[in-house]
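**Q** Dropping in coords.txt, with compact mmCIF, C-alpha atoms.
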# COMPACT_ATOMS: atom_id res chain seq x y z
CA MET A 226 0.00 0.00 0.00
CA SER A 227 1.08 3.54 -0.78
CA GLY A 228 0.10 5.10 2.53
CA PHE A 229 -2.32 7.46 0.80
CA ALA A 230 -6.04 7.13 1.48
CA GLU A 231 -8.04 6.62 -1.70
CA THR A 232 -10.90 8.93 -0.89
CA PRO A 233 -13.93 9.61 -3.14
CA GLU A 234 -15.06 12.95 -4.53
CA PRO A 235 -15.77 15.51 -1.77
CA PRO A 236 -17.60 16.15 0.41
CA TYR A 237 -16.43 13.68 3.06
CA VAL A 238 -15.20 14.04 6.62
CA ALA A 239 -11.59 14.20 7.84
CA VAL A 240 -10.72 13.67 11.51
CA VAL A 241 -7.28 15.15 12.19
CA PHE A 242 -5.73 13.70 15.35
CA THR A 243 -2.49 15.42 16.40
CA SER A 244 -0.62 14.05 19.42
CA SER A 245 2.62 14.13 21.36
CA ARG A 246 3.72 10.92 23.08
CA THR A 247 4.83 10.68 26.68
CA SER A 248 8.41 9.45 26.99
CA GLY A 249 7.17 6.14 28.51
CA ASP A 250 9.12 2.95 29.01
CA GLY A 251 9.77 0.24 26.42
CA ALA A 252 6.84 -1.90 27.53
CA GLU A 253 4.43 0.98 27.02
CA ASP A 254 5.91 1.63 23.56
CA GLY A 255 5.10 -1.95 22.62
CA ALA A 256 1.57 -1.71 24.00
CA TYR A 257 1.05 1.59 22.21
CA ALA A 258 2.25 0.24 18.85
CA ALA A 259 0.06 -2.86 19.17
CA THR A 260 -3.00 -0.80 20.08
CA ALA A 261 -2.38 1.70 17.28
CA ALA A 262 -2.17 -1.14 14.74
CA ARG A 263 -5.32 -2.77 16.17
CA MET A 264 -7.20 0.55 16.01
CA GLU A 265 -6.26 0.98 12.32
CA GLU A 266 -7.56 -2.53 11.64
CA LEU A 267 -10.76 -1.93 13.64
CA ALA A 268 -11.41 1.49 12.08
CA ALA A 269 -11.20 -0.06 8.61
CA GLN A 270 -14.10 -2.39 9.53
CA GLN A 271 -16.47 0.45 10.50
CA PRO A 272 -19.34 1.68 8.33
CA GLY A 273 -18.40 4.84 6.44
CA TYR A 274 -14.62 4.35 6.77
CA LEU A 275 -12.81 5.73 3.72
CA GLY A 276 -9.15 5.52 4.68
CA LEU A 277 -6.40 6.68 7.00
CA GLU A 278 -3.06 8.47 6.69
CA SER A 279 -0.51 8.64 9.47
CA ALA A 280 2.97 10.03 10.21
CA ARG A 281 4.98 10.60 13.37
CA ASP A 282 8.22 12.29 14.26
CA ARG A 283 8.23 14.83 17.08
CA LEU A 284 4.47 15.13 16.62
CA GLY A 285 2.10 12.42 15.44
CA ILE A 286 -0.62 13.20 12.91
CA THR A 287 -3.27 10.66 11.96
CA VAL A 288 -6.02 11.68 9.56
CA SER A 289 -8.95 9.29 9.22
CA TYR A 290 -11.53 9.82 6.48
CA TRP A 291 -15.23 9.08 6.83
CA ALA A 292 -18.30 9.22 4.60
CA ASP A 293 -20.06 11.60 6.98
CA GLU A 294 -20.09 13.09 10.49
CA GLU A 295 -22.30 10.26 11.73
CA SER A 296 -19.81 7.53 10.83
CA ALA A 297 -16.92 9.54 12.36
CA ARG A 298 -18.91 9.93 15.60
CA ALA A 299 -19.85 6.25 15.62
CA TRP A 300 -16.17 5.25 15.40
CA LYS A 301 -15.37 7.43 18.42
CA ALA A 302 -17.99 5.47 20.40
CA VAL A 303 -16.90 1.91 19.45
CA ALA A 304 -16.25 0.16 22.79
CA GLU A 305 -12.73 -1.12 22.10
CA HIS A 306 -11.81 2.31 20.75
CA VAL A 307 -13.19 4.03 23.86
CA VAL A 308 -10.87 1.89 26.01
CA ALA A 309 -7.90 2.77 23.78
CA GLN A 310 -8.77 6.49 23.95
CA GLN A 311 -8.82 6.33 27.76
CA ARG A 312 -5.43 4.61 27.86
CA GLY A 313 -4.13 7.24 25.44
CA ARG A 314 -5.26 10.05 27.72
CA ASP A 315 -3.93 8.32 30.86
CA THR A 316 -0.63 6.94 29.62
CA TRP A 317 0.49 7.43 26.02
CA TYR A 318 -0.18 11.04 25.12
CA SER A 319 1.20 14.11 26.84
CA ASP A 320 -1.19 16.21 24.74
CA TYR A 321 -3.44 15.92 21.71
CA ARG A 322 -5.98 17.71 19.53
CA VAL A 323 -8.86 16.29 17.54
CA ARG A 324 -10.30 18.36 14.71
CA VAL A 325 -13.33 17.19 12.78
CA ALA A 326 -13.59 18.77 9.36
CA THR A 327 -15.60 18.55 6.15
CA VAL A 328 -13.41 18.21 3.06
CA THR A 329 -14.80 20.50 0.37
CA ARG A 330 -12.17 20.04 -2.36
CA ASP A 331 -9.08 17.93 -2.96
CA TYR A 332 -6.43 17.45 -5.62
CA GLY A 333 -3.17 15.71 -6.38
CA PRO A 334 -0.46 16.00 -9.05
CA LEU A 335 -2.81 14.82 -11.81
CA ARG A 336 -5.41 17.56 -11.47
CA MET B 147 7.02 25.63 20.87
CA SER B 148 4.89 22.56 21.41
CA GLY B 149 4.30 21.69 17.76
CA PHE B 150 0.55 22.06 18.19
CA ALA B 151 -1.25 24.86 16.35
CA GLU B 152 -3.18 27.12 18.72
CA THR B 153 -6.32 27.47 16.65
CA PRO B 154 -9.40 29.51 17.62
CA GLU B 155 -12.96 28.24 18.03
CA PRO B 156 -14.30 26.63 14.83
CA PRO B 157 -15.15 27.16 12.10
CA TYR B 158 -11.78 27.62 10.42
CA VAL B 159 -10.06 25.95 7.45
CA ALA B 160 -7.57 23.06 7.51
CA VAL B 161 -5.42 22.24 4.48
CA VAL B 162 -4.17 18.67 4.79
CA PHE B 163 -1.11 18.08 2.59
CA THR B 164 -0.01 14.42 2.45
CA SER B 165 3.13 13.56 0.48
CA SER B 166 5.69 10.90 -0.25
CA ARG B 167 9.24 12.02 -1.01
CA THR B 168 11.30 10.86 -3.94
CA SER B 169 14.49 9.11 -2.84
CA GLY B 170 16.61 11.99 -4.19
CA ASP B 171 20.25 12.68 -3.51
CA GLY B 172 21.72 14.44 -0.48
CA ALA B 173 21.87 17.84 -2.17
CA GLU B 174 18.13 17.69 -2.95
CA ASP B 175 17.40 16.71 0.65
CA GLY B 176 19.15 19.88 1.83
CA ALA B 177 17.30 22.04 -0.68
CA TYR B 178 14.02 20.43 0.29
CA ALA B 179 14.58 20.99 4.03
CA ALA B 180 15.59 24.62 3.47
CA THR B 181 12.56 25.28 1.29
CA ALA B 182 10.19 23.55 3.74
CA ALA B 183 11.50 25.72 6.58
CA ARG B 184 11.22 28.85 4.44
CA MET B 185 7.64 27.99 3.45
CA GLU B 186 6.66 27.58 7.13
CA GLU B 187 8.15 31.00 7.86
CA LEU B 188 6.46 32.59 4.84
CA ALA B 189 3.08 30.96 5.55
CA ALA B 190 3.15 32.40 9.07
CA GLN B 191 3.35 35.90 7.58
CA GLN B 192 0.20 35.53 5.47
CA PRO B 193 -3.17 37.08 6.33
CA GLY B 194 -5.48 34.55 7.94
CA TYR B 195 -2.72 32.12 8.95
CA LEU B 196 -3.64 30.33 12.19
CA GLY B 197 -0.92 27.71 12.58
CA LEU B 198 0.70 24.58 11.19
CA GLU B 199 1.35 21.01 12.33
CA SER B 200 3.74 18.66 10.58
CA ALA B 201 5.11 15.11 10.85
CA ARG B 202 6.98 12.81 8.51
CA ASP B 203 8.06 9.19 8.52
CA ARG B 204 7.19 7.03 5.50
CA LEU B 205 4.51 9.60 4.63
CA GLY B 206 4.62 13.32 5.34
CA ILE B 207 1.54 15.11 6.65
CA THR B 208 1.42 18.89 7.02
CA VAL B 209 -1.79 20.52 8.18
CA SER B 210 -1.98 24.30 7.86
CA TYR B 211 -4.85 26.20 9.45
CA TRP B 212 -6.46 29.31 8.00
CA ALA B 213 -9.17 31.75 9.00
CA ASP B 214 -11.17 31.04 5.85
CA GLU B 215 -11.06 29.53 2.35
CA GLU B 216 -9.97 32.84 0.87
CA SER B 217 -6.79 33.05 2.96
CA ALA B 218 -5.96 29.40 2.21
CA ARG B 219 -6.36 30.05 -1.52
CA ALA B 220 -4.29 33.24 -1.32
CA TRP B 221 -1.39 31.31 0.28
CA LYS B 222 -1.46 28.79 -2.58
CA ALA B 223 -0.98 31.73 -5.01
CA VAL B 224 1.92 33.51 -3.22
CA ALA B 225 4.70 33.73 -5.84
CA GLU B 226 7.53 32.18 -3.82
CA HIS B 227 5.17 29.38 -2.78
CA VAL B 228 4.14 28.75 -6.39
CA VAL B 229 7.83 28.22 -7.28
CA ALA B 230 8.24 25.81 -4.34
CA GLN B 231 5.10 23.88 -5.35
CA GLN B 232 6.47 23.45 -8.88
CA ARG B 233 9.80 22.16 -7.58
CA GLY B 234 7.90 19.83 -5.27
CA ARG B 235 5.97 18.36 -8.20
CA ASP B 236 9.08 18.13 -10.42
CA THR B 237 11.66 16.89 -7.94
CA TRP B 238 10.78 16.28 -4.30
CA TYR B 239 7.47 14.45 -4.22
CA SER B 240 6.69 11.11 -5.82
CA ASP B 241 3.03 11.69 -4.98
CA TYR B 242 0.83 13.97 -2.88
CA ARG B 243 -2.73 14.89 -1.97
CA VAL B 244 -4.14 18.23 -0.89
CA ARG B 245 -7.46 18.28 0.95
CA VAL B 246 -9.12 21.53 1.88
CA ALA B 247 -11.57 21.17 4.76
CA THR B 248 -13.71 23.23 7.08
CA VAL B 249 -13.17 22.35 10.74
CA THR B 250 -16.56 22.19 12.44
CA ARG B 251 -15.53 21.02 15.93
CA ASP B 252 -12.35 20.36 17.85
CA TYR B 253 -11.28 19.18 21.29
CA GLY B 254 -8.29 18.13 23.36
CA PRO B 255 -7.77 16.39 26.69
CA LEU B 256 -9.29 19.28 28.65
CA ARG B 257 -12.74 19.19 27.08
Now that the file is in, can you turn its structure into structure tokens?

**A**
Amino acid sequence: MSGFAETPEPPYVAVVFTSSRTSGDGAEDGAYAATAARMEELAAQQPGYLGLESARDRLGITVSYWADEESARAWKAVAEHVVAQQRGRDTWYSDYRVRVATVTRDYGPLR
Amino acid sequence: MSGFAETPEPPYVAVVFTSSRTSGDGAEDGAYAATAARMEELAAQQPGYLGLESARDRLGITVSYWADEESARAWKAVAEHVVAQQRGRDTWYSDYRVRVATVTRDYGPLR
């Protein structure tokens, strides 16, 4: 896979999640990586999921794409995801922002 | 600085730029890094600029925040930025996506 989300024609919804990790110990790093991978897998099974793009260096940015606001909200409320969010707040993230946005136009090198 | 953009209450505009770099030689890496830093500096001087968040590993994601669509469009048309975009297409990026979105709600750990 290229790493790019293959999204349809706008409009659709983008959830921009920006985070900074706590320093944490090695065991927490492993738990974090496993949970992050599981959440990507679980997100992809949700109704309205369109794709996900992710990068991390000093800051982490994950953008998930959804058919509409309703499907983005539903993903936030999925039980296993709620548990992961709580562990993120308690342990993995020193800070974060979530921004929910409606994509109105998009383009790449070909247009 | 924390790396997080200190954005106001929504609505505001997010431009999500996702890219993959060409492998390139060392000289191009230096030129790319210098231009990226210059573009961050120049963006911050534009009317309507609200902030910028950026991360890169396999994929690069830069999200710039703007007061409105008009200021986001104006930044795309700034002459020095137009030159950088062209060099990006020709040399630095193997692929990219730009998504322009209206942020409708946002939150962090405190709310």

**Q** Quick one: which residues from chain A are at most 7 Å off chain B, using all atoms listed in the file, as an MDAnalysis selection string?

**A** chainID A and resid 228 280:286 314 320:334

**Q** What is the distance between CA of Glu266 in chain A and CA of Trp317 in chain A, in Å to one decimal?

**A** 19.3 Å

**Q** Just to confirm, what's the straight-line distance from CA of Arg184 in chain B to CA of Ala225 in chain B in Å (one decimal)?

**A**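 Between CA of Arg184 in chain B and CA of Ala225 in chain B the gap works out to 13.1 Å.
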
**Q** Mind giving me the straight-line distance from CA of Ser296 in chain A to CA of Met264 in chain A in Å, one decimal?

**A** 15.3 Å

**Q** So which residues touch range 249-256 of chain A within 9 Å, counting all atoms listed in the file, skipping near sequence neighbours fewer than 4 positions away, as a list in words?

**A**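 Near range 249-256 of chain A, the qualifying residues are Thr260, Ala261, Thr316 and Trp317 of chain A.
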
**Q** Report the centre and edge lengths, in Å to one decimal, of an axis-aligned box enclosing every atom of range 240-259 of chain A listed in the file, padded by 8 Å on each side, as AutoDock Vina command-line options.

**A**
--center_x -0.5 --center_y 6.3 --center_z 20.3 --size_x 36.5 --size_y 34.3 --size_z 33.5
